[in-house]
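*Asks:* Here it is, the structure in full.
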Amino acid sequence: NEQHETHDTTESGRHTLNVLLWNVWLLPWTPNPPLRAEAMSKFILSLPEPQPDVIVFNEAFSQHDILFSKEMKEKYPHHVRLGRLWYTVFSGGVWIYSKFPIVYTNFFHYSGRRGVDWFAAKGMVLARIRVPKSVNNGEEEGKENEEESFHTVDVYGTHMQGGFEPSMAAARNTHVTEIIEFMGKESKDNALILFAGDINMGPPSEPHSWHYKDQSDADARTGEYLRMREGVGMQELEIVPSPRGVGSFNDINRFLMRGFPTGGRVLYHDFDEIKDTDGKMIPLSDTACLQCTINLP
């Protein structure tokens, strides 16, 4: 991958936006959700600089009071979530938390979900975030000339259809069409866009990734992934694996961007297993924790 330069925040100006993406796997049947939620909350708060400005969660179906602790809410006071449909067991599981004000939100639920995904109200949520250009800007500063004092960034979070069956593939393809239509309607042509989510597709590895049934499935999903990326005009970010080697360009947990200057990278955070109440070791989550750093205009 081509190497891109990113710049840190200085005392005078904010040059980057840092966004964390994590599928936190908080389903009722997973290992000790309350213990893991507490550990994940502490893990996020203890991350090294640059710490996240925005967090996009997937599968945050339960343990909200623990995952979104008092300390988390103080650091990230603004949020939006994708709620339930009247007939679903679970919400959409997508939450966006932000240090900076969210000035507009919208969402939609996918029209088709198959298999176990039927029980969750999967869809997409938009948080339009006002990012101060100066590190000294408070929420009340710069309102007379807001365009010069703030960047407006459209952050989209989603969790798309999983699975290998033809009906699941058809549902996922419908999701792609609906994403292109929704983002085209919500974001202006010159908008700064950051897309984040567990999308259950992406460029396959060679040989095909374990996420896919076979090479044919990988090729089909890659085709839909490219249709979505190109349909919105988004770009990839450079991938930087963690010290333990976690992280790949073939990951189905992905960031995409549009409208930002050249540059941007995705860093993967290593995390350790924790000890359950019975003494057994359990993972914090079954997916990677990744964070993008993108240059602001």
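For the structure tokens, the naming scheme is as follows: chains receive sequential letters (A, B, ...) according to their order of presentation, residues are indexed from 1 within each chain, and ligands are indexed from 1 in presentation order.
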Skipping near chain neighbours, those fewer than 6 positions away, what residues fall within 7 Å of segment 66-76 of chain A using only C-alpha atoms, listed as a PyMOL selection string?

*Replies:* chain A and resi 34+37-38+40-41+97-99

*Asks:* Just to be explicit: take each residue in the selection above, keep N, CA and C atoms, and write the result as a short mmCIF file (atom, residue, chain, number, x, y, z; two decimals), in the first residue's frame.

*Replies:*
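Contents of result-v9.cif, freshly written:
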```
data_model
loop_
_atom_site.label_atom_id
_atom_site.label_comp_id
_atom_site.auth_asym_id
_atom_site.auth_seq_id
_atom_site.Cartn_x
_atom_site.Cartn_y
_atom_site.Cartn_z
N PRO A 34 -21.35 -8.76 30.84
CA PRO A 34 -21.08 -7.64 31.75
C PRO A 34 -19.59 -7.46 32.04
N ALA A 37 -17.91 -6.06 28.87
CA ALA A 37 -18.29 -4.67 28.61
C ALA A 37 -17.49 -3.72 29.49
N GLU A 38 -17.34 -4.07 30.77
CA GLU A 38 -16.56 -3.24 31.68
C GLU A 38 -15.10 -3.17 31.23
N MET A 40 -13.91 -3.65 28.18
CA MET A 40 -13.78 -2.91 26.92
C MET A 40 -13.87 -1.41 27.14
N SER A 41 -14.75 -0.99 28.05
CA SER A 41 -14.87 0.43 28.35
C SER A 41 -13.56 0.97 28.90
N TYR A 97 -20.55 7.47 19.28
CA TYR A 97 -20.24 8.38 20.38
C TYR A 97 -19.20 9.39 19.91
N SER A 98 -19.34 10.64 20.36
CA SER A 98 -18.46 11.70 19.87
C SER A 98 -18.08 12.67 20.99
N LYS A 99 -16.82 13.13 20.94
CA LYS A 99 -16.39 14.23 21.82
C LYS A 99 -17.02 15.54 21.38
#
```

*Asks:* Counting only C-alpha atoms, what is within 8 Å of Tyr104 of chain A, bar same-chain residues fewer than 5 positions away, as JSON, numbers by chain?

*Replies:* {"A": [126, 127, 128, 129]}

*Asks:* Tell me which protein, DNA and RNA residues are within 8 Å of segment 242-257 of chain A, counting only C-alpha atoms, leaving out same-chain ones fewer than 4 positions away, and put them as number ranges by chain.

*Replies:* A: 21, 192-205, 209, 211, 229, 234-237, 266-270, 288, 292

*Asks:* Find the residues near Asp272 of chain A: any atom within 12 Å, counting only C-alpha atoms, skip ones fewer than 4 places away on the same chain, and give them as number ranges by chain.

*Replies:* A: 36, 39-40, 43, 244, 281-286, 288-289

*Asks:* For those residues, write N, CA and C atoms to a file as a JSON list (two decimals), in the first residue's frame.

*Replies:*
```json
[["chain", "number", "residue", "atom", "x", "y", "z"],
["A", 36, "ARG", "N", -17.03, -8.40, 30.18],
["A", 36, "ARG", "CA", -16.35, -7.95, 28.98],
["A", 36, "ARG", "C", -16.66, -6.49, 28.67],
["A", 39, "ALA", "N", -14.54, -4.31, 30.83],
["A", 39, "ALA", "CA", -13.14, -4.35, 30.40],
["A", 39, "ALA", "C", -12.95, -3.56, 29.11],
["A", 40, "MET", "N", -13.91, -3.65, 28.18],
["A", 40, "MET", "CA", -13.78, -2.91, 26.92],
["A", 40, "MET", "C", -13.87, -1.41, 27.14],
["A", 43, "PHE", "N", -10.62, -0.36, 28.49],
["A", 43, "PHE", "CA", -9.61, -0.47, 27.44],
["A", 43, "PHE", "C", -9.64, 0.77, 26.54],
["A", 244, "ARG", "N", 1.26, -7.21, 17.13],
["A", 244, "ARG", "CA", 1.09, -8.68, 17.12],
["A", 244, "ARG", "C", 0.66, -9.20, 15.76],
["A", 281, "MET", "N", -10.02, -18.15, 30.56],
["A", 281, "MET", "CA", -9.70, -16.94, 29.82],
["A", 281, "MET", "C", -10.70, -16.76, 28.67],
["A", 282, "ILE", "N", -11.21, -15.55, 28.50],
["A", 282, "ILE", "CA", -12.17, -15.25, 27.44],
["A", 282, "ILE", "C", -11.72, -14.00, 26.69],
["A", 283, "PRO", "N", -12.04, -13.92, 25.39],
["A", 283, "PRO", "CA", -11.65, -12.73, 24.61],
["A", 283, "PRO", "C", -12.58, -11.56, 24.90],
["A", 284, "LEU", "N", -12.05, -10.34, 24.76],
["A", 284, "LEU", "CA", -12.91, -9.17, 24.89],
["A", 284, "LEU", "C", -13.97, -9.17, 23.81],
["A", 285, "SER", "N", -13.57, -9.51, 22.59],
["A", 285, "SER", "CA", -14.50, -9.55, 21.46],
["A", 285, "SER", "C", -13.99, -10.59, 20.47],
["A", 286, "ASP", "N", -14.86, -10.94, 19.52],
["A", 286, "ASP", "CA", -14.44, -11.89, 18.49],
["A", 286, "ASP", "C", -13.94, -11.19, 17.23],
["A", 288, "ALA", "N", -11.57, -7.56, 15.61],
["A", 288, "ALA", "CA", -10.49, -6.62, 15.91],
["A", 288, "ALA", "C", -11.04, -5.27, 16.34],
["A", 289, "CYS", "N", -10.19, -4.53, 17.06],
["A", 289, "CYS", "CA", -10.46, -3.15, 17.44],
["A", 289, "CYS", "C", -9.55, -2.27, 16.58]]
```

*Asks:* Set the distance at 9 Å and use only C-alpha atoms: which residues neighbour segment 91-95 of chain A once local chain neighbours fewer than 6 positions away are removed? I'd like the list as a ChimeraX atom specification.

*Replies:* /A:23,26,55-62,79-85,109,119-125,157-159,197

*Asks:* Those residues you just picked out, can you put them in a file as a tab-separated table (two decimals), in the first residue's frame with N, CA and C atoms?

*Replies:*
```
chain	number	residue	atom	x	y	z
A	23	ASN	N	-16.64	-3.95	16.80
A	23	ASN	CA	-17.77	-4.84	16.98
A	23	ASN	C	-17.57	-5.50	18.34
A	26	LEU	N	-21.64	-8.02	22.02
A	26	LEU	CA	-22.41	-8.07	23.26
A	26	LEU	C	-23.79	-8.68	23.02
A	55	ILE	N	-16.36	7.25	18.33
A	55	ILE	CA	-16.38	5.79	18.43
A	55	ILE	C	-17.61	5.27	17.71
A	56	VAL	N	-17.42	4.27	16.85
A	56	VAL	CA	-18.53	3.58	16.20
A	56	VAL	C	-18.55	2.15	16.72
A	57	PHE	N	-19.63	1.79	17.43
A	57	PHE	CA	-19.79	0.43	17.95
A	57	PHE	C	-20.72	-0.37	17.05
A	58	ASN	N	-20.40	-1.64	16.87
A	58	ASN	CA	-21.31	-2.62	16.29
A	58	ASN	C	-21.61	-3.68	17.35
A	59	GLU	N	-22.79	-4.27	17.25
A	59	GLU	CA	-23.24	-5.34	18.17
A	59	GLU	C	-23.21	-4.91	19.63
A	60	ALA	N	-23.49	-3.64	19.88
A	60	ALA	CA	-23.67	-3.16	21.25
A	60	ALA	C	-25.14	-3.36	21.63
A	61	PHE	N	-25.52	-4.64	21.73
A	61	PHE	CA	-26.91	-5.01	21.94
A	61	PHE	C	-27.32	-4.99	23.41
A	62	SER	N	-26.34	-5.06	24.31
A	62	SER	CA	-26.67	-5.15	25.74
A	62	SER	C	-25.55	-4.50	26.55
A	79	HIS	N	-24.10	11.36	21.42
A	79	HIS	CA	-24.24	10.04	20.81
A	79	HIS	C	-25.55	9.92	20.04
A	80	VAL	N	-25.58	8.92	19.17
A	80	VAL	CA	-26.79	8.54	18.45
A	80	VAL	C	-26.75	7.02	18.28
A	81	ARG	N	-27.89	6.39	18.23
A	81	ARG	CA	-27.92	4.93	18.08
A	81	ARG	C	-28.97	4.51	17.08
A	82	LEU	N	-28.84	3.27	16.61
A	82	LEU	CA	-29.82	2.68	15.71
A	82	LEU	C	-30.71	1.76	16.53
A	83	GLY	N	-31.98	2.16	16.72
A	83	GLY	CA	-32.88	1.45	17.62
A	83	GLY	C	-33.55	0.23	17.01
A	84	ARG	N	-34.50	-0.31	17.76
A	84	ARG	CA	-35.22	-1.51	17.36
A	84	ARG	C	-36.34	-1.18	16.37
A	85	LEU	N	-36.72	-2.20	15.62
A	85	LEU	CA	-38.01	-2.19	14.93
A	85	LEU	C	-39.02	-2.87	15.85
A	109	HIS	N	-33.44	1.51	8.41
A	109	HIS	CA	-33.26	0.08	8.61
A	109	HIS	C	-33.30	-0.62	7.25
A	119	PHE	N	-33.35	-11.05	13.42
A	119	PHE	CA	-33.68	-10.69	14.80
A	119	PHE	C	-33.11	-9.35	15.22
A	120	ALA	N	-32.19	-8.80	14.44
A	120	ALA	CA	-31.58	-7.50	14.75
A	120	ALA	C	-32.03	-6.46	13.72
A	121	ALA	N	-32.26	-5.25	14.18
A	121	ALA	CA	-32.75	-4.17	13.31
A	121	ALA	C	-31.58	-3.50	12.61
A	122	LYS	N	-30.88	-4.27	11.78
A	122	LYS	CA	-29.69	-3.75	11.10
A	122	LYS	C	-30.06	-2.62	10.14
A	123	GLY	N	-29.14	-1.71	10.00
A	123	GLY	CA	-29.35	-0.57	9.11
A	123	GLY	C	-28.14	0.34	9.14
A	124	MET	N	-28.38	1.62	8.93
A	124	MET	CA	-27.30	2.61	8.91
A	124	MET	C	-27.73	3.84	9.68
A	125	VAL	N	-26.78	4.44	10.41
A	125	VAL	CA	-27.06	5.67	11.14
A	125	VAL	C	-26.03	6.72	10.73
A	157	GLY	N	-22.35	4.92	10.34
A	157	GLY	CA	-22.06	3.63	10.96
A	157	GLY	C	-23.08	2.60	10.51
A	158	THR	N	-22.61	1.37	10.29
A	158	THR	CA	-23.52	0.32	9.83
A	158	THR	C	-23.01	-1.05	10.22
A	159	HIS	N	-23.91	-2.03	10.16
A	159	HIS	CA	-23.57	-3.45	10.29
A	159	HIS	C	-24.44	-4.18	9.27
A	197	GLY	N	-17.89	0.39	9.63
A	197	GLY	CA	-18.78	-0.69	10.04
A	197	GLY	C	-18.27	-2.06	9.74
```

*Asks:* Would you work out the distance separating atom CA of Arg221 of chain A from atom CA of Ala169 of chain A, expressed in Å to one decimal?

*Replies:*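 A separation of 7.9 Å between them.
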
*Asks:* DSSP on the backbone, then: every residue of segment 87-278 of chain A marked alpha helix (DSSP H), written as a PyMOL selection string.

*Replies:* chain A and resi 146-149+166-186+215-232

*Asks:* So, with only C-alpha atoms as the atoms that count, which of A:Pro297, A:Val116, A:Glu186, A:Arg14 lies closest to Ser134 of chain A?

*Replies:*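 Of A:Pro297, A:Val116, A:Glu186, A:Arg14, the one nearest Ser134 of chain A is A:Arg14, counting only C-alpha atoms.
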
*Asks:* Hey, what's within 9 Å of Phe182 of chain A if we count only C-alpha atoms and toss same-chain stuff fewer than 3 positions away? As a ChimeraX atom specification, please?

*Replies:* /A:107-108,124,177-179,185-187
